[in-house]
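Have a look at final37.cif below; it lists mmCIF, C-alpha atoms.
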data_target
#
loop_
_atom_site.label_atom_id
_atom_site.label_comp_id
_atom_site.auth_asym_id
_atom_site.auth_seq_id
_atom_site.Cartn_x
_atom_site.Cartn_y
_atom_site.Cartn_z
CA MET A 404 35.25 22.26 -41.62
CA ARG A 405 38.69 21.79 -40.11
CA LEU A 406 39.19 18.05 -39.60
CA PRO A 407 41.62 16.66 -37.00
CA LYS A 408 45.02 15.97 -38.60
CA ASP A 409 45.20 12.46 -37.15
CA PHE A 410 41.78 11.66 -38.61
CA VAL A 411 42.86 12.83 -42.08
CA SER A 412 46.10 10.83 -41.82
CA MET A 413 44.16 7.73 -40.78
CA MET A 414 41.39 7.90 -43.42
CA ARG A 415 43.08 9.38 -46.51
CA PRO A 416 45.14 6.24 -47.34
CA LEU A 417 41.89 4.23 -47.26
CA THR A 418 39.43 6.55 -48.98
CA GLY A 419 41.61 8.96 -50.93
CA ASP A 420 40.56 12.61 -50.97
CA GLU A 421 36.86 11.94 -51.66
CA LEU A 422 35.80 11.42 -48.02
CA ILE A 423 37.89 14.33 -46.76
CA SER A 424 36.52 16.65 -49.45
CA GLU A 425 32.92 15.63 -48.74
CA LEU A 426 33.27 16.23 -45.02
CA GLN A 427 34.99 19.58 -45.53
CA HIS A 428 32.79 21.00 -48.27
CA GLY A 429 29.55 18.99 -48.39
CA GLU A 430 26.37 19.62 -46.40
CA ALA A 431 25.03 17.35 -43.67
CA LYS A 432 22.05 15.28 -44.77
CA ARG A 433 18.76 15.47 -42.88
CA GLY A 434 16.07 12.81 -42.88
CA LEU A 435 12.95 11.40 -41.32
CA ARG A 436 11.44 7.94 -40.96
CA VAL A 437 7.70 7.42 -41.20
CA ASN A 438 6.10 5.66 -38.24
CA THR A 439 4.17 2.80 -39.81
CA LEU A 440 2.24 2.25 -36.58
CA ARG A 441 0.39 5.41 -37.64
CA ILE A 442 0.62 5.83 -41.42
CA THR A 443 2.21 4.37 -44.56
CA PRO A 444 5.05 6.17 -46.36
CA GLU A 445 2.78 6.59 -49.40
CA GLU A 446 0.07 8.24 -47.29
CA PHE A 447 2.60 10.50 -45.62
CA GLU A 448 3.99 11.68 -48.96
CA LYS A 449 0.54 13.00 -49.85
CA LEU A 450 0.13 14.61 -46.43
CA SER A 451 3.51 16.32 -45.99
CA SER A 452 3.65 20.12 -46.26
CA PHE A 453 7.40 20.11 -47.05
CA PRO A 454 9.37 18.41 -49.87
CA LEU A 455 10.43 14.77 -49.49
CA ARG A 456 12.85 12.53 -51.39
CA LYS A 457 12.81 8.77 -50.90
CA SER A 458 15.87 7.40 -49.13
CA PRO A 459 17.49 4.32 -50.70
CA LEU A 460 18.63 3.20 -47.24
CA CYS A 461 15.23 2.63 -45.60
CA SER A 462 11.83 1.77 -47.05
CA GLU A 463 10.14 4.18 -44.62
CA GLY A 464 12.83 6.87 -44.90
CA PHE A 465 12.90 10.24 -46.64
CA ILE A 466 15.56 12.90 -47.11
CA ILE A 467 14.37 16.43 -46.34
CA ASP A 468 15.71 19.94 -46.82
CA ARG A 469 17.83 21.43 -44.07
CA ASP A 470 15.28 24.19 -43.46
CA ALA A 471 12.14 22.02 -43.53
CA PRO A 472 9.99 22.79 -40.42
CA ALA A 473 9.74 19.10 -39.59
CA GLY A 474 10.35 19.40 -35.85
CA THR A 475 7.55 21.87 -35.16
CA CYS A 476 4.85 20.26 -37.27
CA ALA A 477 1.56 18.93 -35.83
CA PHE A 478 2.18 15.59 -37.54
CA HIS A 479 5.50 15.33 -35.70
CA ASP A 480 3.63 15.88 -32.42
CA ALA A 481 1.20 13.16 -33.51
CA GLY A 482 4.07 10.68 -33.93
CA LEU A 483 3.70 10.22 -37.68
CA TYR A 484 7.45 10.35 -38.13
CA TYR A 485 10.79 10.40 -36.35
CA LEU A 486 13.56 12.80 -37.39
CA GLN A 487 16.46 10.47 -38.13
CA GLU A 488 19.70 10.90 -40.01
CA PRO A 489 19.36 8.85 -43.24
CA SER A 490 22.18 6.36 -42.68
CA ALA A 491 21.01 5.73 -39.09
CA SER A 492 17.67 4.48 -40.43
CA ALA A 493 19.50 1.74 -42.35
CA VAL A 494 20.29 -0.10 -39.10
CA GLY A 495 16.68 -0.93 -38.23
CA GLU A 496 16.04 -1.81 -41.85
CA ALA A 497 18.98 -4.21 -41.83
CA CYS A 498 17.46 -6.13 -38.90
CA GLY A 499 14.86 -7.57 -41.29
CA ASP A 500 11.51 -8.98 -40.15
CA VAL A 501 11.24 -8.52 -36.38
CA ARG A 502 7.55 -9.33 -35.88
CA GLY A 503 6.93 -11.38 -32.75
CA LEU A 504 10.53 -11.18 -31.53
CA ASN A 505 11.80 -10.40 -28.05
CA ILE A 506 14.20 -7.50 -28.65
CA LEU A 507 16.83 -5.71 -26.57
CA ASP A 508 18.09 -2.32 -27.74
CA LEU A 509 21.12 -2.12 -25.51
CA CYS A 510 22.10 1.56 -25.99
CA ALA A 511 18.76 3.04 -26.95
CA ALA A 512 18.54 6.81 -26.28
CA PRO A 513 17.15 8.93 -27.80
CA GLY A 514 15.04 6.16 -29.35
CA GLY A 515 15.43 6.29 -33.13
CA LYS A 516 16.26 2.63 -33.55
CA SER A 517 13.91 1.41 -30.79
CA THR A 518 10.94 3.19 -32.36
CA HIS A 519 11.97 1.85 -35.78
CA LEU A 520 12.04 -1.74 -34.54
CA ALA A 521 8.72 -1.21 -32.73
CA ALA A 522 7.08 0.02 -35.93
CA LYS A 523 8.45 -2.98 -37.84
CA ALA A 524 7.15 -5.29 -35.09
CA GLY A 525 3.64 -3.82 -35.35
CA HIS A 526 2.58 -4.25 -31.69
CA SER A 527 3.91 -7.85 -31.60
CA GLY A 528 6.71 -9.27 -29.45
CA THR A 529 8.49 -7.10 -26.88
CA ILE A 530 11.19 -4.43 -26.80
CA ILE A 531 13.41 -3.52 -23.86
CA ALA A 532 15.00 -0.15 -24.58
CA ASN A 533 18.00 0.22 -22.28
CA GLU A 534 19.98 3.39 -21.71
CA CYS A 535 23.03 3.38 -19.45
CA VAL A 536 22.79 7.10 -18.58
CA LYS A 537 19.60 7.55 -16.57
CA SER A 538 19.13 11.22 -17.49
CA ARG A 539 18.87 10.18 -21.14
CA THR A 540 15.91 7.90 -20.47
CA LYS A 541 13.56 10.91 -20.38
CA PRO A 542 13.80 11.72 -24.12
CA LEU A 543 13.83 7.98 -24.84
CA ARG A 544 10.54 7.48 -23.01
CA SER A 545 9.06 10.60 -24.61
CA ASN A 546 9.83 9.36 -28.12
CA LEU A 547 8.46 5.87 -27.46
CA GLU A 548 5.27 7.44 -26.10
CA ARG A 549 4.93 9.92 -28.98
CA MET A 550 5.23 7.10 -31.51
CA GLY A 551 2.55 5.03 -29.74
CA VAL A 552 4.74 2.04 -28.85
CA ARG A 553 2.81 -0.44 -26.68
CA ILE A 554 5.29 -3.30 -26.40
CA HIS A 555 8.19 -1.60 -24.62
CA ALA A 556 9.89 -1.23 -21.29
CA VAL A 557 12.68 1.24 -20.55
CA THR A 558 15.59 0.22 -18.34
CA SER A 559 18.73 2.01 -17.21
CA ALA A 560 21.74 -0.18 -16.51
CA MET A 561 25.16 -1.08 -17.80
CA PRO A 562 25.12 -4.10 -20.12
CA TYR A 563 27.04 -6.22 -17.62
CA GLU A 564 24.37 -5.46 -15.00
CA LEU A 565 21.60 -6.75 -17.27
CA LYS A 566 23.42 -9.93 -18.27
CA PRO A 567 22.64 -12.00 -15.12
CA TYR A 568 18.90 -11.41 -15.60
CA PHE A 569 18.71 -11.93 -19.35
CA ALA A 570 21.00 -14.84 -20.18
CA GLU A 571 20.16 -15.97 -23.75
CA ARG A 572 16.77 -14.23 -23.51
CA PHE A 573 16.49 -12.20 -26.73
CA ASP A 574 15.80 -13.12 -30.35
CA LEU A 575 17.41 -9.84 -31.40
CA VAL A 576 19.99 -7.78 -29.54
CA LEU A 577 20.86 -4.42 -31.08
CA ALA A 578 24.14 -2.95 -29.84
CA ASP A 579 24.24 0.54 -31.33
CA VAL A 580 27.29 1.30 -29.27
CA PRO A 581 28.80 4.57 -28.04
CA CYS A 582 31.54 5.55 -30.46
CA SER A 583 33.90 8.35 -31.50
CA GLY A 584 31.11 9.83 -33.62
CA GLU A 585 32.96 10.61 -36.85
CA GLY A 586 29.61 10.37 -38.62
CA MET A 587 28.48 13.39 -36.58
CA PHE A 588 31.34 15.70 -37.55
CA ARG A 589 29.05 17.83 -39.75
CA ARG A 590 26.21 17.90 -37.22
CA GLU A 591 27.80 18.31 -33.78
CA GLU A 592 30.81 20.45 -32.91
CA ASN A 593 31.44 18.34 -29.80
CA ALA A 594 32.19 15.31 -31.97
CA LEU A 595 35.00 17.25 -33.66
CA ARG A 596 36.26 18.78 -30.43
CA GLU A 597 36.40 15.51 -28.49
CA TRP A 598 37.93 13.36 -31.26
CA SER A 599 41.40 11.90 -30.80
CA LEU A 600 43.16 8.64 -31.56
CA ASP A 601 43.16 7.85 -27.86
CA HIS A 602 39.38 8.35 -27.82
CA VAL A 603 39.03 5.99 -30.79
CA ARG A 604 41.05 3.32 -28.97
CA SER A 605 39.08 3.68 -25.72
CA CYS A 606 35.81 3.46 -27.66
CA ALA A 607 36.95 0.26 -29.35
CA GLU A 608 37.79 -1.29 -25.97
CA ARG A 609 34.39 -0.35 -24.57
CA GLN A 610 32.63 -1.64 -27.68
CA SER A 611 34.33 -5.03 -27.35
CA SER A 612 33.15 -5.25 -23.74
CA ILE A 613 29.57 -4.37 -24.73
CA LEU A 614 29.65 -7.01 -27.48
CA GLU A 615 30.65 -9.67 -24.94
CA ASP A 616 27.64 -8.83 -22.77
CA ALA A 617 25.33 -8.59 -25.79
CA ALA A 618 26.45 -12.03 -26.97
CA ALA A 619 25.53 -13.59 -23.62
CA MET A 620 22.00 -12.15 -23.87
CA THR A 621 21.40 -13.34 -27.45
CA ALA A 622 19.32 -16.53 -27.64
CA PRO A 623 20.53 -19.52 -29.64
CA GLY A 624 19.40 -18.93 -33.20
CA GLY A 625 19.00 -15.21 -32.47
CA LEU A 626 20.57 -12.16 -34.08
CA LEU A 627 23.18 -9.81 -32.67
CA VAL A 628 23.32 -6.56 -34.64
CA TYR A 629 26.25 -4.22 -34.04
CA SER A 630 26.33 -0.65 -35.29
CA THR A 631 28.26 2.59 -34.91
CA CYS A 632 27.99 6.09 -36.37
CA THR A 633 31.74 6.31 -36.90
CA LEU A 634 34.01 5.69 -39.90
CA ASN A 635 37.34 4.25 -38.74
CA VAL A 636 38.27 0.57 -38.97
CA TYR A 637 39.22 0.18 -35.30
CA GLU A 638 35.64 0.58 -34.07
CA ASN A 639 34.13 -1.25 -37.04
CA GLU A 640 35.83 -4.05 -39.02
CA LEU A 641 38.58 -4.63 -36.48
CA THR A 642 36.18 -4.79 -33.52
CA ILE A 643 33.97 -7.30 -35.35
CA ASP A 644 36.96 -9.34 -36.51
CA THR A 645 38.21 -9.61 -32.92
CA PHE A 646 34.75 -10.58 -31.68
CA LEU A 647 34.14 -13.25 -34.32
CA SER A 648 37.60 -14.75 -33.76
CA ALA A 649 36.72 -15.22 -30.08
CA HIS A 650 33.13 -16.37 -30.72
CA PRO A 651 32.88 -19.12 -33.35
CA GLU A 652 29.24 -19.63 -32.32
CA PHE A 653 28.41 -16.40 -34.22
CA VAL A 654 28.36 -16.24 -38.01
CA MET A 655 28.05 -13.12 -40.15
CA GLU A 656 24.90 -12.74 -42.26
CA ARG A 657 24.52 -10.70 -45.40
CA ILE A 658 22.36 -7.58 -45.19
CA ASP A 659 19.90 -8.08 -48.02
CA SER A 660 17.14 -5.62 -47.16
CA VAL A 661 18.90 -2.35 -48.09
CA SER A 662 21.49 -1.12 -50.58
CA ILE A 663 24.45 -0.81 -48.23
CA PRO A 664 28.02 -1.07 -49.58
CA GLY A 665 29.97 -3.92 -48.00
CA ALA A 666 32.50 -3.53 -45.23
CA ARG A 667 36.23 -3.50 -46.00
CA PRO A 668 38.09 -6.36 -44.28
CA ASP A 669 41.16 -5.41 -46.35
CA TRP A 670 41.36 -2.11 -44.51
CA CYS A 671 42.26 -3.91 -41.28
CA LYS A 672 43.65 -7.19 -42.72
CA ALA A 673 40.78 -9.05 -41.04
CA LEU A 674 41.16 -12.74 -40.23
CA ASN A 675 37.50 -13.27 -41.12
CA GLU A 676 37.02 -12.43 -44.78
CA TYR A 677 33.22 -12.68 -44.46
CA ILE A 678 33.25 -9.39 -42.56
CA ARG A 679 32.64 -7.99 -46.06
CA LEU A 680 28.99 -9.04 -45.47
CA ALA A 681 28.70 -6.21 -42.95
CA GLY A 682 27.65 -2.79 -44.22
CA ARG A 683 29.73 0.39 -44.34
CA LEU A 684 28.02 3.68 -45.11
CA MET A 685 30.35 6.54 -45.99
CA PRO A 686 29.16 10.12 -46.59
CA HIS A 687 30.96 10.38 -49.94
CA VAL A 688 29.22 7.20 -51.17
CA VAL A 689 25.64 7.42 -49.83
CA GLU A 690 23.27 10.22 -48.83
CA GLY A 691 23.99 10.03 -45.13
CA GLU A 692 26.53 10.98 -42.48
CA GLY A 693 28.02 7.54 -41.99
CA HIS A 694 27.24 4.26 -40.22
CA PHE A 695 28.56 0.74 -39.86
CA VAL A 696 26.28 -2.26 -39.28
CA ALA A 697 27.07 -5.95 -38.80
CA LYS A 698 24.45 -8.69 -38.56
CA MET A 699 25.55 -11.87 -36.74
CA ARG A 700 23.57 -15.05 -36.07
CA LYS A 701 24.17 -17.11 -32.94
CA THR A 702 24.25 -20.79 -33.83
CA THR A 703 22.48 -23.33 -31.64
CA GLU A 704 25.45 -25.64 -31.10
CA GLY A 705 27.27 -25.35 -27.82
CA SER A 706 25.81 -21.98 -26.93
CA VAL A 707 24.22 -22.70 -23.55
CA SER A 708 25.11 -19.79 -21.27
CA SER A 709 26.87 -20.33 -17.97
CA VAL A 710 25.10 -17.27 -16.54
CA VAL A 711 22.31 -18.15 -14.12
CA LYS A 712 19.17 -16.04 -14.55
CA SER A 713 18.38 -13.92 -11.51
CA ILE A 714 14.83 -13.33 -10.29
CA ILE A 715 13.43 -10.07 -8.97
CA LYS A 716 10.39 -9.46 -6.83
CA SER A 717 7.43 -7.97 -8.67
CA ARG A 718 6.41 -4.42 -7.77
CA LEU A 719 3.11 -4.70 -9.66
CA ARG A 720 -0.24 -5.87 -8.35
CA ALA A 721 -3.71 -6.57 -9.70
CA MET A 722 -6.45 -3.95 -9.39
CA THR A 723 -8.83 -4.06 -6.45
CA THR A 724 -12.57 -4.45 -7.06
CA GLN A 725 -13.14 -0.71 -6.71
CA GLU A 726 -10.19 0.13 -8.98
CA ASN A 727 -11.43 -2.38 -11.51
CA GLU A 728 -14.84 -0.66 -11.62
CA LEU A 729 -13.31 2.83 -11.99
CA PHE A 730 -10.88 1.79 -14.72
CA TYR A 731 -13.31 -0.19 -16.86
CA SER A 732 -16.06 2.41 -16.45
CA PHE A 733 -13.69 5.00 -17.97
CA TRP A 734 -12.54 2.58 -20.68
CA ARG A 735 -16.05 1.61 -21.81
CA ASP A 736 -17.11 5.26 -21.94
CA SER A 737 -14.03 6.28 -23.96
CA PHE A 738 -12.91 3.47 -26.29
CA SER A 739 -14.51 0.86 -28.52
CA CYS A 740 -11.52 -1.53 -28.24
CA GLU A 741 -10.44 -3.74 -25.35
CA PRO A 742 -7.24 -3.04 -23.36
CA TRP A 743 -4.40 -4.76 -25.20
CA TYR A 744 -2.99 -6.15 -21.94
CA GLU A 745 -4.39 -6.92 -18.50
CA PRO A 746 -4.03 -3.75 -16.36
CA ALA A 747 -1.47 -3.81 -13.55
CA VAL A 748 -0.97 -1.30 -10.75
CA PHE A 749 2.14 0.22 -9.19
CA GLU A 750 1.32 2.59 -6.32
CA ASP A 751 -1.67 4.54 -7.74
CA LYS A 752 -0.68 4.22 -11.41
CA VAL A 753 -2.17 1.80 -13.94
CA TYR A 754 -0.05 0.22 -16.68
CA LEU A 755 -0.85 -1.91 -19.70
CA ILE A 756 2.17 -4.20 -19.92
CA SER A 757 3.01 -7.37 -21.78
CA PRO A 758 3.31 -10.21 -19.20
CA GLU A 759 6.89 -10.77 -20.40
CA LEU A 760 7.87 -7.24 -19.39
CA ARG A 761 6.26 -7.07 -15.96
CA ASP A 762 9.12 -8.18 -13.76
CA ILE A 763 12.39 -6.83 -15.13
CA PRO A 764 15.37 -5.25 -13.35
CA TYR A 765 16.53 -1.63 -13.54
CA SER A 766 13.12 -0.58 -14.83
CA VAL A 767 12.41 3.10 -15.47
CA SER A 768 9.03 2.47 -17.10
CA GLN A 769 7.11 -0.58 -18.27
CA GLY A 770 4.48 -0.66 -20.98
CA VAL A 771 1.94 2.12 -21.45
CA HIS A 772 1.12 4.28 -18.45
CA ALA A 773 -2.67 4.32 -18.77
CA GLY A 774 -3.39 6.78 -15.95
CA SER A 775 -3.81 7.10 -12.20
CA PHE A 776 -6.48 6.58 -9.58
CA ARG A 777 -7.75 9.67 -7.84
CA THR A 778 -10.48 9.90 -5.17
CA LYS A 779 -13.35 7.85 -6.63
CA ARG A 780 -12.25 8.34 -10.24
CA PHE A 781 -9.70 7.31 -12.85
CA GLU A 782 -7.61 9.98 -14.55
CA PRO A 783 -6.18 8.88 -17.95
CA SER A 784 -2.73 9.86 -19.20
CA HIS A 785 -1.39 11.55 -22.32
CA THR A 786 0.59 8.35 -22.99
CA LEU A 787 -2.60 6.28 -23.17
CA TYR A 788 -4.21 8.53 -25.75
CA MET A 789 -1.05 8.44 -27.88
CA ALA A 790 -1.20 4.62 -27.84
CA VAL A 791 -4.87 4.23 -28.82
CA SER A 792 -5.97 4.19 -32.46
CA PRO A 793 -8.14 7.18 -33.50
CA ASP A 794 -10.69 4.68 -34.85
CA ASP A 795 -11.23 3.30 -31.33
CA ILE A 796 -12.07 6.62 -29.64
CA TYR A 797 -15.67 7.79 -29.18
CA SER A 798 -15.10 11.51 -28.49
CA THR A 799 -12.68 13.69 -30.46
CA LEU A 800 -12.02 17.41 -30.88
CA PRO A 801 -10.52 18.18 -34.32
CA LEU A 802 -8.15 21.17 -34.53
CA ASP A 803 -7.20 23.54 -37.32
CA ASN A 804 -3.89 25.44 -37.54
CA GLU A 805 -4.99 28.17 -35.16
CA THR A 806 -6.51 25.94 -32.48
CA TYR A 807 -3.55 23.55 -32.78
CA ARG A 808 -1.15 26.33 -31.78
CA ALA A 809 -3.44 27.25 -28.87
CA PHE A 810 -3.66 23.63 -27.70
CA ILE A 811 0.10 22.91 -27.67
CA SER A 812 0.64 26.12 -25.69
CA GLY A 813 -1.71 24.82 -22.98
CA LEU A 814 -4.74 27.06 -23.57
CA GLU A 815 -8.36 26.03 -23.05
CA LEU A 816 -10.49 25.64 -26.18
CA PRO A 817 -14.21 25.79 -27.00
CA CYS A 818 -15.62 22.26 -26.85
CA GLU A 819 -19.12 20.81 -27.03
CA GLU A 820 -17.94 17.36 -25.97
CA LYS A 821 -18.41 16.29 -22.35
CA GLY A 822 -15.87 14.23 -20.45
CA PHE A 823 -12.53 13.01 -21.76
CA CYS A 824 -11.90 13.31 -25.49
CA ALA A 825 -8.98 12.95 -27.86
CA VAL A 826 -7.61 16.07 -29.54
CA THR A 827 -6.73 15.48 -33.19
CA PHE A 828 -5.12 17.25 -36.14
CA GLY A 829 -5.81 15.88 -39.61
CA GLY A 830 -7.39 12.83 -37.99
CA TYR A 831 -4.32 11.97 -35.88
CA ILE A 832 -4.18 12.22 -32.09
CA ILE A 833 -1.85 14.79 -30.53
CA GLY A 834 -3.25 14.72 -26.98
CA TYR A 835 -6.44 14.83 -24.98
CA GLY A 836 -8.54 17.05 -22.76
CA LYS A 837 -11.73 17.06 -20.72
CA GLY A 838 -14.82 18.85 -21.93
CA SER A 839 -17.14 20.60 -19.47
CA GLY A 840 -19.43 23.62 -19.76
CA GLY A 841 -18.50 24.25 -23.39
CA VAL A 842 -14.75 24.37 -22.66
CA LEU A 843 -11.95 21.81 -23.06
CA LYS A 844 -9.64 21.61 -20.07
CA ASN A 845 -6.23 21.16 -21.67
CA LYS A 846 -4.32 18.01 -20.61
CA TYR A 847 -1.33 18.47 -22.91
CA PRO A 848 1.80 17.76 -20.76
CA ALA A 849 3.56 20.89 -19.54
CA GLY A 850 6.93 19.52 -20.63
CA LEU A 851 5.78 19.28 -24.25
CA ARG A 852 4.13 22.68 -24.54
CA ARG A 853 5.44 25.30 -26.97
CA TYR A 854 4.54 28.90 -26.25
#

Rewrite the structure from the file as structure tokens, please.
Amino acid sequence: MRLPKDFVSMMRPLTGDELISELQHGEAKRGLRVNTLRITPEEFEKLSSFPLRKSPLCSEGFIIDRDAPAGTCAFHDAGLYYLQEPSASAVGEACGDVRGLNILDLCAAPGGKSTHLAAKAGHSGTIIANECVKSRTKPLRSNLERMGVRIHAVTSAMPYELKPYFAERFDLVLADVPCSGEGMFRREENALREWSLDHVRSCAERQSSILEDAAAMTAPGGLLVYSTCTLNVYENELTIDTFLSAHPEFVMERIDSVSIPGARPDWCKALNEYIRLAGRLMPHVVEGEGHFVAKMRKTTEGSVSSVVKSIIKSRLRAMTTQENELFYSFWRDSFSCEPWYEPAVFEDKVYLISPELRDIPYSVSQGVHAGSFRTKRFEPSHTLYMAVSPDDIYSTLPLDNETYRAFISGLELPCEEKGFCAVTFGGYIIGYGKGSGGVLKNKYPAGLRRY
């Protein structure tokens, strides 16, 4: 790899030749994180068809070979794991226990950290996954759906646009900010091509602005977690030092849950020595491509926000009597559990949404899309079947390797079941279909099919 000269000149005095040599001659690390909404890491180790090595950076993380077929595996389709660079998985781990919290992931696409926090929350609390670029919300939504996350809403807005609606609302705000991407040098050619000192400086300015908005949305007593996938001090220690100097209501907390080397306040002559409590992951020190993470607690003294919360008009309504009969008739015939939230309707679509997520601004999707009303019937969705536990479903069609390949390509399959049924592989749901006349009508979404 040919590194930018300015990057080498900037980093060599701080790290010596070790970082430069690793980036130039080492191989990029590849990893996955087990989705504990579906399976435990121990269970997945026994199930995996490719080699795994435990990652020291995340209790649910594994390091995998570069050629492991992890992205085309049935268990990936079933949401048993998320392909995530090893050091990136340390960020969610560093957030600690998030059960029951109201969470904002401010820069969420493609969803690695949102799905990690959702798994740690275990269907408790709420998560708003925000992505500024609307086109990037599609893969974000797809990943949240594949992993079976029930407690989420997806929004698309700039942080300053969200701030008036969410003043001091969240127990945890994760700002995994856009950065110069030096931790992606070995994975993406664009990161190398686009890097410059001017780009580093502009990123640092944008990151400081995002932190200001994130701070306003953090509740008193709540956590603000800042992270980047870059290596320089300007976007890491120096940005945090500047923020903490301007915000005495925030105090740095030590990251105790993972083995992350401490940050280096000496590299930027930081005013706040306790920046060393932040974590700095460097590719010549850990098995990962590089990350920085800082965990800051907002104190309760003098932190009342001056921002007035804005109210929006609800677009959702309750079901009519006829809709109620159609929906619950389907549900009773299909599942042994109760809906986890009261159904709500937007146009002809039914959603299962936490009450706290029903009326939010800049919404792209809210909760689990359960399905849609058609003429005198209810048609369930792929998203609903991915959110339901296999133990709660009456009718299933198990697949083997051959029928799995046929199903994900959209083909019909032999089926003795009648009506809607889940389609499973190894006991885990990958989709659904409708049985009739000895054949399963395939309902696997066209956008997910592989031919």

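Across the model, the gap from CA of Pro793 (chain A) to CA of Thr540 (chain A) is 27.4 Å.
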
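Shortest atom-to-atom contact with Ser612 (chain A) among A:Gly774, A:Gly525, A:Ile643, A:Leu760: A:Ile643, counting all atoms listed in the file.
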
Skipping near chain neighbours, those fewer than 4 positions away, what residues fall within 7 Å of His772 (chain A) using all atoms listed in the file, listed as a PyMOL selection string?
chain A and resi 753-755+784+786-787

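Across the model, the gap from CA of Ala477 (chain A) to CA of Phe453 (chain A) is 12.7 Å.
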
Please expand the PyMOL selection byres ((chain A and resi 723) around 12) into the concrete residues it hits in this file, giving the result as an NGL selection string.
:A and (720-722 or 724-731 or 746-748 or 751 or 753 or 776)

Selection dump of the PyMOL selection byres ((chain A and resi 676-680) around 8), as number ranges by chain:
A: 640, 643-644, 655-658, 665-668, 673-675, 681-682, 697

Selected residues, C-alpha atoms, written as a PDB file, in the coordinates of the input, please.
ATOM      1  CA  GLU A 640      35.830  -4.050 -39.020  1.00  0.00           C
ATOM      2  CA  ILE A 643      33.970  -7.300 -35.350  1.00  0.00           C
ATOM      3  CA  ASP A 644      36.960  -9.340 -36.510  1.00  0.00           C
ATOM      4  CA  MET A 655      28.050 -13.120 -40.150  1.00  0.00           C
ATOM      5  CA  GLU A 656      24.900 -12.740 -42.260  1.00  0.00           C
ATOM      6  CA  ARG A 657      24.520 -10.700 -45.400  1.00  0.00           C
ATOM      7  CA  ILE A 658      22.360  -7.580 -45.190  1.00  0.00           C
ATOM      8  CA  GLY A 665      29.970  -3.920 -48.000  1.00  0.00           C
ATOM      9  CA  ALA A 666      32.500  -3.530 -45.230  1.00  0.00           C
ATOM     10  CA  ARG A 667      36.230  -3.500 -46.000  1.00  0.00           C
ATOM     11  CA  PRO A 668      38.090  -6.360 -44.280  1.00  0.00           C
ATOM     12  CA  ALA A 673      40.780  -9.050 -41.040  1.00  0.00           C
ATOM     13  CA  LEU A 674      41.160 -12.740 -40.230  1.00  0.00           C
ATOM     14  CA  ASN A 675      37.500 -13.270 -41.120  1.00  0.00           C
ATOM     15  CA  ALA A 681      28.700  -6.210 -42.950  1.00  0.00           C
ATOM     16  CA  GLY A 682      27.650  -2.790 -44.220  1.00  0.00           C
ATOM     17  CA  ALA A 697      27.070  -5.950 -38.800  1.00  0.00           C
TER      18      ALA A 697
END

Step by step, work through what the PyMOL selection byres ((chain A and resi 558) around 12) selects in the shown file, and finish by giving those residues as a PyMOL selection string.
chain A and resi 507-512+530-541+543-544+555-557+559-562+564-565+760+762-770

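Here CA of Leu634 (chain A) is placed at a distance of 26.3 Å from CA of Pro542 (chain A).
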
Determine, counting all atoms listed in the file, which protein, DNA and RNA residues have an atom within 10 Å of an atom of region 597-601 of chain A; residues of the same chain fewer than 2 positions away are not included. Present the result as a VMD selection string.
chain A and resid 406 to 410 413 583 to 585 588 592 to 595 603 to 607

List as a VMD selection string the protein and nucleic acid residues near Arg441 (chain A), meaning an atom at most 9 Å away when only C-alpha atoms are counted, but skip any in the same chain fewer than 3 places from it.
chain A and resid 437 to 438 481 to 484 522 550 to 551 792 831

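Distances to Met404 (chain A) were evaluated for A:Ala849, A:Ile811, A:Ile423, A:Leu802 using all atoms listed in the file, and the minimum falls at A:Ile423.
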
For Arg433 (chain A), the nearest of the candidates A:Gly691, A:Pro664, A:Pro459, A:Pro567, counting all atoms listed in the file
A:Gly691
